[in-house]
Amino acid sequence: MGIQIDELTFGYRRDHTVLSGLSTVFPTGASVLLGPNGAGKSTLLGLVADTLRPRTGTINIEGLGEPGTRGDRRRYRRGVAWLPQRSGAFPGLTAREHVAYCGWLKGLSRADAWARSTAALAAVDLTTRADARATSLSGGQIRRLGVAGALVSGAQWILLDEPTAGLDPAQRARFARVIQNLPTEVSVVVSTHQTEDVATTYDHVTVLVDGRVPFAGSVASFTEPFADLSPAEAVTASYARFTSEDD
Amino acid sequence: MRPITPWRSRAAAWLLAPGLLGVVAYSVQFADETTVAGYWPAAMAGSAIYLVFSCGVAATAGAWEGKRFRAAAPVIESSSRSSAAVVTDHLWTPLAAGLLLQLVAVALMSRDTWGAPSGPSPLVGLAFAGILFFHSCVGFVLGRWLPPVASIPLSLLVSYSWLGFTWSVDYFPLRYLAGLVMADCCSVETTLDIRAPAIATAFSLLAGCTLLVIAVARRSSGDRARRFGLQIGASSFVVITLVALTAGSGLGAAPIVDRPQAQAICSGAAPTICLFPEQRDTDDSQSVIRKAVENLGRSGITVPSTIRASNAPSTLDVLNMIVQVRMTDADLLHSITTSLLGDAEVAYCGTEEDDAERRNDAAVANRWLIDVAAEGIVNADHVEPALELDGPDVLRALRRAPVPAQAAWVTATIDRLTDCSVGHIAVPSS
């Protein structure tokens, strides 16, 4: 089942609604959440990560239950790792210490956090930078460091909010490889408005426009109308159908 | 086990050295004025002056931790650990560094007090901990919401101003919130008003918690308490401040109260000498006082039948005198002769000439009392007189008179010092 979202409504102010009656499913595997700026992608991931509370509706993750339930909150949050767009490197820490601290925040003991940080850094290809100051890493390395921080706790779900924003093509390609090589037991939802790597990196596409979901399905079904184009062009063209309708 | 945040990233660790340097330097520079010997309440409360250093370190380290919290906030938002656990991880090092410095300060202040009756006051220790917690929180909330270039100097400034400014204002209740006022305590015949540490502790702990509520506030949080954290924290802070000010509204400039005389131990007869345990255990004050009284009695000076260590005015039956712990014999003689001179100022009776004459008579009487009382104890020249003698001729003339006449002149002169209806009494002739 993955992440099941039903009739979700949310607004930051009483008189303003970002998501209204939204229902969708993120299956296990690698999902991309496509949408223009202001569509509600960060809000939706924040709700799934249990940092926001919906006005109405439910979110249910297979094996973890619903967020916001006081008794199960710790377990839920440990199963879902969230990397917000504005998160960066923690000052004064090395890359490994940064990852270990993220693990500790997710409830790991100090010993476990240290022990798992090595493997998490290896998974994002940052082993050689483990002892470098986290703030000295490049933009792309800091995003991968964030993924390592999400991986360290053993979360089943990783939510990445615009992780490739501001990265050059080489850094984006490297980041895509990290996503592709994630352990099979880890599912990922990545929000972005960039379409270049979608066809080669993800299994499932959800399009979010103005708080609505006009499309949710496999990459193949998403690109089907444009089968004559290259995979990357087909994704771009298909995505344009929904955003241009919105315009 | 390796800490989750390395020591090199803990500001408290590298602020300890300059803080310690400040404490030791202050102690060396002002040791004579600040060291309290032999009386625990004074030693413990007096070390409040060092809060300037320990709180400065706690606040600055708190600001640094606030900066790290600020950087990690997006990840902390989805943490599995509670806000309290995360904040505790950030705040314990500033608090521990401050406590360590304050402990050194107490040790320095009390180095001549070990072995004295009673011991360190837990209540004052708790007040120090509360005050340090408050300053850690001040730094933390500033570091959480301001960039480091502003929060770090500002936290130091706020910490120092809060302690120093409140101590110097005439609105006394404010002094009790900050707690530095405890440094004004106390001599051995007085003790610390426990309302001072109680108010400082309660205010600091509660106000510190409200600052933490502000620190973890987030407008978009799913948690209602955190969403309205700024409003809840700020309004609670105001209420707590008002309540604490009200609690301190009846207090004076310094947090001292007279020590109950019931704590004094009286011994002997004619005179009965009542001293506090600290005054009895460490010195030979009793025998010096008794010997001085005997000397005075032989010369015809009547001393009240009871002598107490107290700041209160003397009465016909009780002579109150200052007896510090570990007082020299000369200082004891200075104290008893000054007390015999009377507690009231020499009266001004209308003319400069009369005033000068009365003052000189008082100085002559004082010098005569010292000469008599010091016999067989110390050289009278080593006893500091209470008044400066302008006309030594009067003293010389007095010494040539018969001893009973000398005592009669001294007694009558002391009585007339505050009575304008009595004119100058001529020195008896030899």
# chains A, B, ... in the order shown; residues from 1 in each chain; ligands from 1
>>> interface_residues(of="chain B", to="chain A", cutoff="6 Å", atoms="only C-alpha atoms", output="ChimeraX atom specification")
/B:4,9,71,74,78-81,221-222
>>> write_last_selection(atoms="C-alpha atoms", output="short mmCIF file (atom, residue, chain, number, x, y, z; two decimals), in the first residue's frame")
data_model
loop_
_atom_site.label_atom_id
_atom_site.label_comp_id
_atom_site.auth_asym_id
_atom_site.auth_seq_id
_atom_site.Cartn_x
_atom_site.Cartn_y
_atom_site.Cartn_z
CA ILE B 4 27.19 12.77 20.12
CA SER B 9 32.03 22.01 19.08
CA ALA B 71 20.96 25.33 12.01
CA PRO B 74 14.58 21.77 10.06
CA SER B 78 10.81 15.73 12.62
CA SER B 79 12.94 14.35 15.43
CA SER B 80 11.78 11.28 17.29
CA ARG B 81 13.13 12.77 20.49
CA SER B 221 4.02 23.53 13.84
CA GLY B 222 1.39 20.85 14.13
#
>>> residues_around(residues="Pro27 (chain A)", least_positions_apart="3", cutoff="7 Å", atoms="only C-alpha atoms", output="list of chain:residue names")
A:Met1, A:Gly2, A:Ile3
>>> residues_around(residues="region 201-210 of chain A", least_positions_apart="5", cutoff="10 Å", atoms="only C-alpha atoms", output="ChimeraX atom specification")
/A:17-20,22,24-41,44,173,175-181,188-193,196,215-223,235,239,242-243,245-246
>>> atom_distance(atom1="CA of Trp409 (chain B)", atom2="CA of Val323 (chain B)")
27.6 Å
>>> closest_residue(among="A:Ser187, A:Ala155, A:Asp197, A:Ala148", to="Ala170 (chain A)", atoms="only C-alpha atoms")
A:Asp197
>>> residues_around(residues="region 47-62 of chain B", least_positions_apart="2", cutoff="8 Å", atoms="only C-alpha atoms", output="MDAnalysis selection string")
chainID B and resid 10:12 15:16 19 22:23 43:45 64:66 90:91 93:95 97:99 101:102 105:106 109 128 131:133 135:140 143 152:153 155:156 159:160 163 179:183
>>> decode(residues="region 214-330 of chain B", atoms="C-alpha atoms", output="PDB file, in the first residue's frame")
ATOM      1  CA  ILE B 214       9.927  30.820  22.875  1.00  0.00           C
ATOM      2  CA  ALA B 215      13.080  29.105  21.589  1.00  0.00           C
ATOM      3  CA  VAL B 216      11.238  26.018  20.316  1.00  0.00           C
ATOM      4  CA  ALA B 217       8.228  27.933  18.974  1.00  0.00           C
ATOM      5  CA  ARG B 218       7.312  27.426  15.321  1.00  0.00           C
ATOM      6  CA  ARG B 219       4.369  29.144  13.691  1.00  0.00           C
ATOM      7  CA  SER B 220       3.581  26.314  11.306  1.00  0.00           C
ATOM      8  CA  SER B 221       4.016  23.531  13.839  1.00  0.00           C
ATOM      9  CA  GLY B 222       1.389  20.848  14.135  1.00  0.00           C
ATOM     10  CA  ASP B 223       1.755  21.114  17.873  1.00  0.00           C
ATOM     11  CA  ARG B 224      -0.516  23.856  19.240  1.00  0.00           C
ATOM     12  CA  ALA B 225       1.800  24.719  22.149  1.00  0.00           C
ATOM     13  CA  ARG B 226       4.707  25.250  19.769  1.00  0.00           C
ATOM     14  CA  ARG B 227       2.572  27.127  17.237  1.00  0.00           C
ATOM     15  CA  PHE B 228       1.677  29.706  19.879  1.00  0.00           C
ATOM     16  CA  GLY B 229       5.012  29.375  21.682  1.00  0.00           C
ATOM     17  CA  LEU B 230       5.958  33.029  21.270  1.00  0.00           C
ATOM     18  CA  GLN B 231       2.686  34.269  22.728  1.00  0.00           C
ATOM     19  CA  ILE B 232       2.604  31.658  25.497  1.00  0.00           C
ATOM     20  CA  GLY B 233       6.253  32.200  26.421  1.00  0.00           C
ATOM     21  CA  ALA B 234       6.146  36.001  26.342  1.00  0.00           C
ATOM     22  CA  SER B 235       2.934  36.314  28.334  1.00  0.00           C
ATOM     23  CA  SER B 236       4.131  33.748  30.890  1.00  0.00           C
ATOM     24  CA  PHE B 237       7.402  35.635  31.228  1.00  0.00           C
ATOM     25  CA  VAL B 238       5.535  38.868  31.985  1.00  0.00           C
ATOM     26  CA  VAL B 239       3.283  37.178  34.548  1.00  0.00           C
ATOM     27  CA  ILE B 240       6.200  35.454  36.280  1.00  0.00           C
ATOM     28  CA  THR B 241       8.130  38.723  36.406  1.00  0.00           C
ATOM     29  CA  LEU B 242       5.189  40.575  37.936  1.00  0.00           C
ATOM     30  CA  VAL B 243       4.604  37.857  40.529  1.00  0.00           C
ATOM     31  CA  ALA B 244       8.291  37.798  41.447  1.00  0.00           C
ATOM     32  CA  LEU B 245       8.397  41.593  41.754  1.00  0.00           C
ATOM     33  CA  THR B 246       5.354  41.461  44.005  1.00  0.00           C
ATOM     34  CA  ALA B 247       6.995  38.785  46.147  1.00  0.00           C
ATOM     35  CA  GLY B 248      10.043  40.979  46.544  1.00  0.00           C
ATOM     36  CA  SER B 249       8.169  44.213  47.146  1.00  0.00           C
ATOM     37  CA  GLY B 250       8.676  44.137  50.912  1.00  0.00           C
ATOM     38  CA  LEU B 251      12.431  43.677  50.749  1.00  0.00           C
ATOM     39  CA  GLY B 252      15.058  46.327  51.341  1.00  0.00           C
ATOM     40  CA  ALA B 253      18.268  47.285  49.602  1.00  0.00           C
ATOM     41  CA  ALA B 254      20.243  44.350  50.977  1.00  0.00           C
ATOM     42  CA  PRO B 255      18.994  40.822  51.695  1.00  0.00           C
ATOM     43  CA  ILE B 256      20.090  40.672  55.320  1.00  0.00           C
ATOM     44  CA  VAL B 257      18.210  40.110  58.551  1.00  0.00           C
ATOM     45  CA  ASP B 258      19.460  40.146  62.132  1.00  0.00           C
ATOM     46  CA  ARG B 259      20.575  36.766  63.264  1.00  0.00           C
ATOM     47  CA  PRO B 260      18.343  35.380  66.014  1.00  0.00           C
ATOM     48  CA  GLN B 261      20.024  35.943  69.366  1.00  0.00           C
ATOM     49  CA  ALA B 262      18.823  32.486  70.326  1.00  0.00           C
ATOM     50  CA  GLN B 263      21.671  31.155  68.177  1.00  0.00           C
ATOM     51  CA  ALA B 264      24.185  32.913  70.429  1.00  0.00           C
ATOM     52  CA  ILE B 265      25.810  31.058  73.298  1.00  0.00           C
ATOM     53  CA  CYS B 266      26.105  33.034  76.527  1.00  0.00           C
ATOM     54  CA  SER B 267      28.690  32.312  79.186  1.00  0.00           C
ATOM     55  CA  GLY B 268      30.131  33.774  82.374  1.00  0.00           C
ATOM     56  CA  ALA B 269      28.800  36.455  84.666  1.00  0.00           C
ATOM     57  CA  ALA B 270      29.570  40.154  85.154  1.00  0.00           C
ATOM     58  CA  PRO B 271      29.653  40.391  82.284  1.00  0.00           C
ATOM     59  CA  THR B 272      27.752  37.649  80.554  1.00  0.00           C
ATOM     60  CA  ILE B 273      29.199  37.442  77.060  1.00  0.00           C
ATOM     61  CA  CYS B 274      26.931  36.185  74.293  1.00  0.00           C
ATOM     62  CA  LEU B 275      28.631  35.194  71.060  1.00  0.00           C
ATOM     63  CA  PHE B 276      27.638  33.200  67.991  1.00  0.00           C
ATOM     64  CA  PRO B 277      29.284  29.794  67.500  1.00  0.00           C
ATOM     65  CA  GLU B 278      31.569  31.104  64.727  1.00  0.00           C
ATOM     66  CA  GLN B 279      32.883  33.775  67.092  1.00  0.00           C
ATOM     67  CA  ARG B 280      33.502  31.314  69.887  1.00  0.00           C
ATOM     68  CA  ASP B 281      34.983  28.395  68.001  1.00  0.00           C
ATOM     69  CA  THR B 282      37.782  30.087  66.158  1.00  0.00           C
ATOM     70  CA  ASP B 283      38.964  32.858  68.451  1.00  0.00           C
ATOM     71  CA  ASP B 284      39.761  33.838  71.991  1.00  0.00           C
ATOM     72  CA  SER B 285      37.388  36.800  71.784  1.00  0.00           C
ATOM     73  CA  GLN B 286      35.676  36.016  75.070  1.00  0.00           C
ATOM     74  CA  SER B 287      38.779  36.199  77.190  1.00  0.00           C
ATOM     75  CA  VAL B 288      39.931  39.420  75.514  1.00  0.00           C
ATOM     76  CA  ILE B 289      36.548  41.064  76.078  1.00  0.00           C
ATOM     77  CA  ARG B 290      36.404  39.838  79.645  1.00  0.00           C
ATOM     78  CA  LYS B 291      39.923  41.109  80.382  1.00  0.00           C
ATOM     79  CA  ALA B 292      39.089  44.510  78.846  1.00  0.00           C
ATOM     80  CA  VAL B 293      35.946  44.757  80.968  1.00  0.00           C
ATOM     81  CA  GLU B 294      37.963  43.921  84.089  1.00  0.00           C
ATOM     82  CA  ASN B 295      40.473  46.649  83.234  1.00  0.00           C
ATOM     83  CA  LEU B 296      37.696  49.174  82.715  1.00  0.00           C
ATOM     84  CA  GLY B 297      35.934  48.126  85.938  1.00  0.00           C
ATOM     85  CA  ARG B 298      39.117  48.586  87.968  1.00  0.00           C
ATOM     86  CA  SER B 299      39.368  52.101  86.620  1.00  0.00           C
ATOM     87  CA  GLY B 300      35.789  52.924  87.586  1.00  0.00           C
ATOM     88  CA  ILE B 301      33.970  52.479  84.279  1.00  0.00           C
ATOM     89  CA  THR B 302      30.732  50.553  84.613  1.00  0.00           C
ATOM     90  CA  VAL B 303      30.106  48.168  81.732  1.00  0.00           C
ATOM     91  CA  PRO B 304      26.600  46.691  81.203  1.00  0.00           C
ATOM     92  CA  SER B 305      26.194  43.239  82.685  1.00  0.00           C
ATOM     93  CA  THR B 306      25.610  41.599  79.306  1.00  0.00           C
ATOM     94  CA  ILE B 307      27.687  41.957  76.159  1.00  0.00           C
ATOM     95  CA  ARG B 308      26.291  40.765  72.875  1.00  0.00           C
ATOM     96  CA  ALA B 309      27.573  40.593  69.307  1.00  0.00           C
ATOM     97  CA  SER B 310      25.012  42.734  67.564  1.00  0.00           C
ATOM     98  CA  ASN B 311      24.553  45.794  65.370  1.00  0.00           C
ATOM     99  CA  ALA B 312      21.605  46.951  67.468  1.00  0.00           C
ATOM    100  CA  PRO B 313      21.906  50.016  69.730  1.00  0.00           C
ATOM    101  CA  SER B 314      23.115  49.281  73.248  1.00  0.00           C
ATOM    102  CA  THR B 315      20.891  49.665  76.313  1.00  0.00           C
ATOM    103  CA  LEU B 316      21.610  50.236  79.974  1.00  0.00           C
ATOM    104  CA  ASP B 317      21.752  46.484  80.535  1.00  0.00           C
ATOM    105  CA  VAL B 318      23.241  45.261  77.276  1.00  0.00           C
ATOM    106  CA  LEU B 319      26.330  46.435  75.469  1.00  0.00           C
ATOM    107  CA  ASN B 320      26.092  45.511  71.801  1.00  0.00           C
ATOM    108  CA  MET B 321      29.383  45.395  69.966  1.00  0.00           C
ATOM    109  CA  ILE B 322      30.714  44.184  66.649  1.00  0.00           C
ATOM    110  CA  VAL B 323      32.628  40.931  66.912  1.00  0.00           C
ATOM    111  CA  GLN B 324      33.878  39.603  63.630  1.00  0.00           C
ATOM    112  CA  VAL B 325      35.223  36.112  63.183  1.00  0.00           C
ATOM    113  CA  ARG B 326      38.993  35.980  63.662  1.00  0.00           C
ATOM    114  CA  MET B 327      39.234  39.524  64.927  1.00  0.00           C
ATOM    115  CA  THR B 328      42.579  40.707  66.267  1.00  0.00           C
ATOM    116  CA  ASP B 329      42.807  41.710  69.897  1.00  0.00           C
ATOM    117  CA  ALA B 330      43.404  45.313  68.851  1.00  0.00           C
TER     118      ALA B 330
END
